[in-house]
Amino acid sequence: MFSVSVILPQQSLQQWTSTHGRALNEAEQYGAVKMRLFQAFDEVEDMMAAGRRLLVTPEILQNVLTTLNVQ
């Protein structure tokens, strides 16, 4: 068992707001962070060594929210 930090930087949120004309609510932010964690389990071969600190970049934010059908 180990901890993983998923970071959603203010810059990513600001870019989303600028692009979409509205801010994400807390549930949408939570959903994006959760999807980033799930994505990492699929993409990072050794989470213990390489996946302990995950970043939600503006591109990742857009992709995961598109998957969740958030516009």
# chains A, B, ... in the order shown; residues from 1 in each chain; ligands from 1
>>> residues_around(residues="Phe41 in chain A", least_positions_apart="3", cutoff="12 Å", atoms="only C-alpha atoms", output="list in words")
Val4, Lys34, Met35, Arg36, Leu37, Phe38, Val44, Glu45, Asp46, Met47, Met48, Ala50, Gly51, Arg52 and Leu54 of chain A
>>> residues_around(residues="range 55-59 of chain A", least_positions_apart="3", cutoff="12 Å", atoms="only C-alpha atoms", output="PyMOL selection string")
chain A and resi 4-19+29-37+39-40+51-52+62-66
>>> select_by_dssp(residues="chain A", states="alpha helix (DSSP H)", output="PyMOL selection string")
chain A and resi 10-20+26-43+47-50+58-67
>>> select_by_dssp(residues="chain A", states="strand (DSSP E)", output="JSON, numbers by chain")
{"A": [5, 6, 7, 53, 54, 55]}
>>> write_last_selection(atoms="C-alpha atoms", output="short mmCIF file (atom, residue, chain, number, x, y, z; two decimals), in the first residue's frame")
data_model
loop_
_atom_site.label_atom_id
_atom_site.label_comp_id
_atom_site.auth_asym_id
_atom_site.auth_seq_id
_atom_site.Cartn_x
_atom_site.Cartn_y
_atom_site.Cartn_z
CA SER A 5 -0.83 12.61 -4.97
CA VAL A 6 -2.86 13.94 -7.87
CA ILE A 7 -2.19 17.65 -8.41
CA ARG A 53 2.93 12.31 -7.97
CA LEU A 54 0.52 12.82 -10.86
CA LEU A 55 -0.13 16.16 -12.51
#
>>> atom_distance(atom1="CA of Gln71 in chain A", atom2="CA of Asn25 in chain A")
11.8 Å
